[in-house]
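For reference, the structure is listed below as structure tokens.
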Amino acid sequence: MRYPQGGGLTAERQAFREHIRLQAAELFAAGQGNAAVARELRVSVRSVQRWRRAWEDGGERALASKGPLSRPKFSQALFAVLGQELAKGPVAHGWPDQTWTLSRIKTLIGRRFHTSITLSAIAQMLHRHGFSHQVPARRAVERDEKAVSGWVKETWPLVETPRRRSGPGSASKTRPASR
């Protein structure tokens with residue numbers, strides 16, 4: 001993913017970048033070269049070249065932000081409804097066990113909202129809203145923690161192979177002993 005939240009730039013970051021492009025337009029109008037503009041605004045020369053071409057073709061309006069590239073698949077209100085449906089659990093929706101999978105969520109979205117979303121878009125949307133794909137660790141009911149910790153301390157060091165000691169090395173491509 002390009003951005004950690006999976007959704008692109010925030011509104012503040014988008015406004016900041018637009019402000020930099022508009023500053024570049026002022027410097028273009030003042031007659032400064034691409035390298036000088038890049039140095040002053042602390043951006044790459046390639047970006048300045050791209051901005052100059054757009055500025056020459058369409059003026060400052062060409063450098064203005066065009067808004068987010070895509071609208072989210074679900075509004076906050078629709079995602080709140082989906083969150084409530086997910087909280088009911090898979091059994092409430094007709095599945096035999098309490099495991100949510102992406103395909104089950106896709107089926108739920110189709111039934112509840114009459115729309116279809118790809119599995120990767122569902123995964124990104126859930127991740128963006130703080131859901132995790134991890135399954136909680138399951139422990140056996142019969143597990144004896146004292147026996148496990150004793151095994152790790154006493155038996156494991158005997159089973160584990162000891163590390164090899166490093167010997168003197170050679171920087172040559174062929175080993176001296178192989179000649």
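Chain labels follow the order of the structure tokens: the first chain is A, the next B, and so on; residue numbering restarts at 1 in every chain, and ligands are counted from 1 in their shown order.
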Would you pick out the contacts of A:Thr115 at 12 Å or less, using only C-alpha atoms, so that residues sharing its chain but fewer than 2 positions from it are not included, and give the list as a PDB file with N, CA and C atoms, in the first residue's frame?
ATOM      1  N   LYS A  73     -15.669   3.461  -0.646  1.00  0.00           N
ATOM      2  CA  LYS A  73     -16.728   2.542  -1.055  1.00  0.00           C
ATOM      3  C   LYS A  73     -17.946   2.657  -0.148  1.00  0.00           C
ATOM      4  N   PHE A  74     -17.689   2.894   1.136  1.00  0.00           N
ATOM      5  CA  PHE A  74     -18.767   3.005   2.115  1.00  0.00           C
ATOM      6  C   PHE A  74     -18.620   4.325   2.853  1.00  0.00           C
ATOM      7  N   LEU A  78     -22.712   4.075   6.548  1.00  0.00           N
ATOM      8  CA  LEU A  78     -22.871   2.696   6.075  1.00  0.00           C
ATOM      9  C   LEU A  78     -21.886   1.763   6.767  1.00  0.00           C
ATOM     10  N   ILE A 105     -17.807 -11.777   4.671  1.00  0.00           N
ATOM     11  CA  ILE A 105     -18.128 -10.351   4.776  1.00  0.00           C
ATOM     12  C   ILE A 105     -18.632  -9.835   3.434  1.00  0.00           C
ATOM     13  N   LYS A 106     -18.032 -10.321   2.340  1.00  0.00           N
ATOM     14  CA  LYS A 106     -18.503  -9.928   1.010  1.00  0.00           C
ATOM     15  C   LYS A 106     -19.948 -10.369   0.796  1.00  0.00           C
ATOM     16  N   THR A 107     -20.271 -11.583   1.211  1.00  0.00           N
ATOM     17  CA  THR A 107     -21.648 -12.072   1.100  1.00  0.00           C
ATOM     18  C   THR A 107     -22.589 -11.236   1.950  1.00  0.00           C
ATOM     19  N   LEU A 108     -22.161 -10.893   3.163  1.00  0.00           N
ATOM     20  CA  LEU A 108     -22.976 -10.057   4.047  1.00  0.00           C
ATOM     21  C   LEU A 108     -23.231  -8.689   3.427  1.00  0.00           C
ATOM     22  N   ILE A 109     -22.198  -8.092   2.844  1.00  0.00           N
ATOM     23  CA  ILE A 109     -22.358  -6.784   2.189  1.00  0.00           C
ATOM     24  C   ILE A 109     -23.331  -6.899   1.025  1.00  0.00           C
ATOM     25  N   GLY A 110     -23.231  -7.969   0.256  1.00  0.00           N
ATOM     26  CA  GLY A 110     -24.155  -8.173  -0.856  1.00  0.00           C
ATOM     27  C   GLY A 110     -25.590  -8.314  -0.394  1.00  0.00           C
ATOM     28  N   ARG A 111     -25.791  -9.088   0.684  1.00  0.00           N
ATOM     29  CA  ARG A 111     -27.151  -9.280   1.193  1.00  0.00           C
ATOM     30  C   ARG A 111     -27.709  -8.003   1.813  1.00  0.00           C
ATOM     31  N   ARG A 112     -26.890  -7.323   2.595  1.00  0.00           N
ATOM     32  CA  ARG A 112     -27.384  -6.186   3.382  1.00  0.00           C
ATOM     33  C   ARG A 112     -27.457  -4.891   2.576  1.00  0.00           C
ATOM     34  N   PHE A 113     -26.454  -4.643   1.707  1.00  0.00           N
ATOM     35  CA  PHE A 113     -26.367  -3.363   1.008  1.00  0.00           C
ATOM     36  C   PHE A 113     -26.609  -3.479  -0.495  1.00  0.00           C
ATOM     37  N   ILE A 117     -18.264  -5.685  -3.612  1.00  0.00           N
ATOM     38  CA  ILE A 117     -16.937  -5.091  -3.435  1.00  0.00           C
ATOM     39  C   ILE A 117     -15.928  -6.230  -3.520  1.00  0.00           C
ATOM     40  N   THR A 118     -14.768  -5.951  -4.078  1.00  0.00           N
ATOM     41  CA  THR A 118     -13.745  -6.985  -4.176  1.00  0.00           C
ATOM     42  C   THR A 118     -13.209  -7.325  -2.790  1.00  0.00           C
TER      43      THR A 118
END
Which neighbours of A:Ala54 fall inside 12 Å, counting only C-alpha atoms, when residues of the same chain fewer than 2 positions from it are skipped, and could you give them as number ranges by chain?
-> A: 21-22, 24-25, 28, 47-52, 56-64
Give the alpha helix (DSSP H) residues of chain A, as assigned by DSSP on the backbone, as an MDAnalysis selection string.
-> chainID A and resid 11:29 34:41 45:58 76:88 102:113 119:128 145:150 156:159
Taking 4 positions as the minimum chain separation for residues in the same chain, which residues sit within 9 Å of A:Pro90 when counting only C-alpha atoms? Answer as a compact mmCIF listing (two decimals) with N, CA, C and O atoms, in the first residue's frame.
# COMPACT_ATOMS: atom_id res chain seq x y z
N GLU A 85 -23.47 -5.09 12.12
CA GLU A 85 -23.76 -6.43 11.59
C GLU A 85 -22.62 -7.39 11.90
O GLU A 85 -22.85 -8.55 12.24
N LEU A 86 -21.38 -6.92 11.79
CA LEU A 86 -20.24 -7.77 12.11
C LEU A 86 -20.21 -8.11 13.59
O LEU A 86 -19.81 -9.21 13.98
N GLY A 94 -26.16 -16.89 9.76
CA GLY A 94 -26.39 -18.18 9.13
C GLY A 94 -25.18 -19.05 8.91
O GLY A 94 -25.30 -20.13 8.33
N TRP A 95 -23.99 -18.66 9.36
CA TRP A 95 -22.81 -19.51 9.20
C TRP A 95 -22.66 -20.40 10.42
O TRP A 95 -23.04 -20.03 11.53
N PRO A 96 -22.05 -21.57 10.26
CA PRO A 96 -22.02 -22.53 11.35
C PRO A 96 -21.03 -22.21 12.48
O PRO A 96 -21.15 -22.75 13.57
N ASP A 97 -20.02 -21.38 12.22
CA ASP A 97 -19.05 -21.10 13.27
C ASP A 97 -18.86 -19.59 13.44
O ASP A 97 -19.42 -18.80 12.70
N GLN A 98 -18.05 -19.20 14.41
CA GLN A 98 -17.86 -17.79 14.74
C GLN A 98 -16.61 -17.23 14.09
O GLN A 98 -15.83 -16.53 14.73
N THR A 99 -16.40 -17.51 12.83
CA THR A 99 -15.23 -17.02 12.12
C THR A 99 -15.65 -16.13 10.96
O THR A 99 -16.36 -16.58 10.06
N TRP A 100 -15.20 -14.85 10.99
CA TRP A 100 -15.46 -13.97 9.86
C TRP A 100 -14.33 -14.14 8.86
O TRP A 100 -13.16 -14.05 9.22
N ARG A 104 -17.11 -14.23 3.55
CA ARG A 104 -18.35 -14.12 4.29
C ARG A 104 -18.78 -12.66 4.44
O ARG A 104 -19.97 -12.34 4.33
N ILE A 105 -17.81 -11.78 4.67
CA ILE A 105 -18.13 -10.35 4.78
C ILE A 105 -18.63 -9.84 3.43
O ILE A 105 -19.57 -9.04 3.37
If we count only C-alpha atoms, what is near A:Arg46 at a cut-off of 12 Å, once residues fewer than 5 positions away on the same chain are taken out, given as a PyMOL selection string?
-> chain A and resi 34-35+37-39+51-53
Generate the output file for the selected residues, C-alpha atoms, as a JSON list (two decimals), in the first residue's frame.
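The new file part.json reads:
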[["chain", "number", "residue", "atom", "x", "y", "z"],
["A", 34, "ASN", "CA", 13.26, 24.77, -12.18],
["A", 35, "ALA", "CA", 16.33, 23.95, -10.09],
["A", 37, "VAL", "CA", 12.28, 26.47, -7.39],
["A", 38, "ALA", "CA", 13.04, 22.87, -6.38],
["A", 39, "ARG", "CA", 15.76, 24.03, -3.98],
["A", 51, "TRP", "CA", 4.17, 21.60, -12.33],
["A", 52, "ARG", "CA", 5.70, 24.10, -14.78],
["A", 53, "ARG", "CA", 4.21, 22.26, -17.77]]
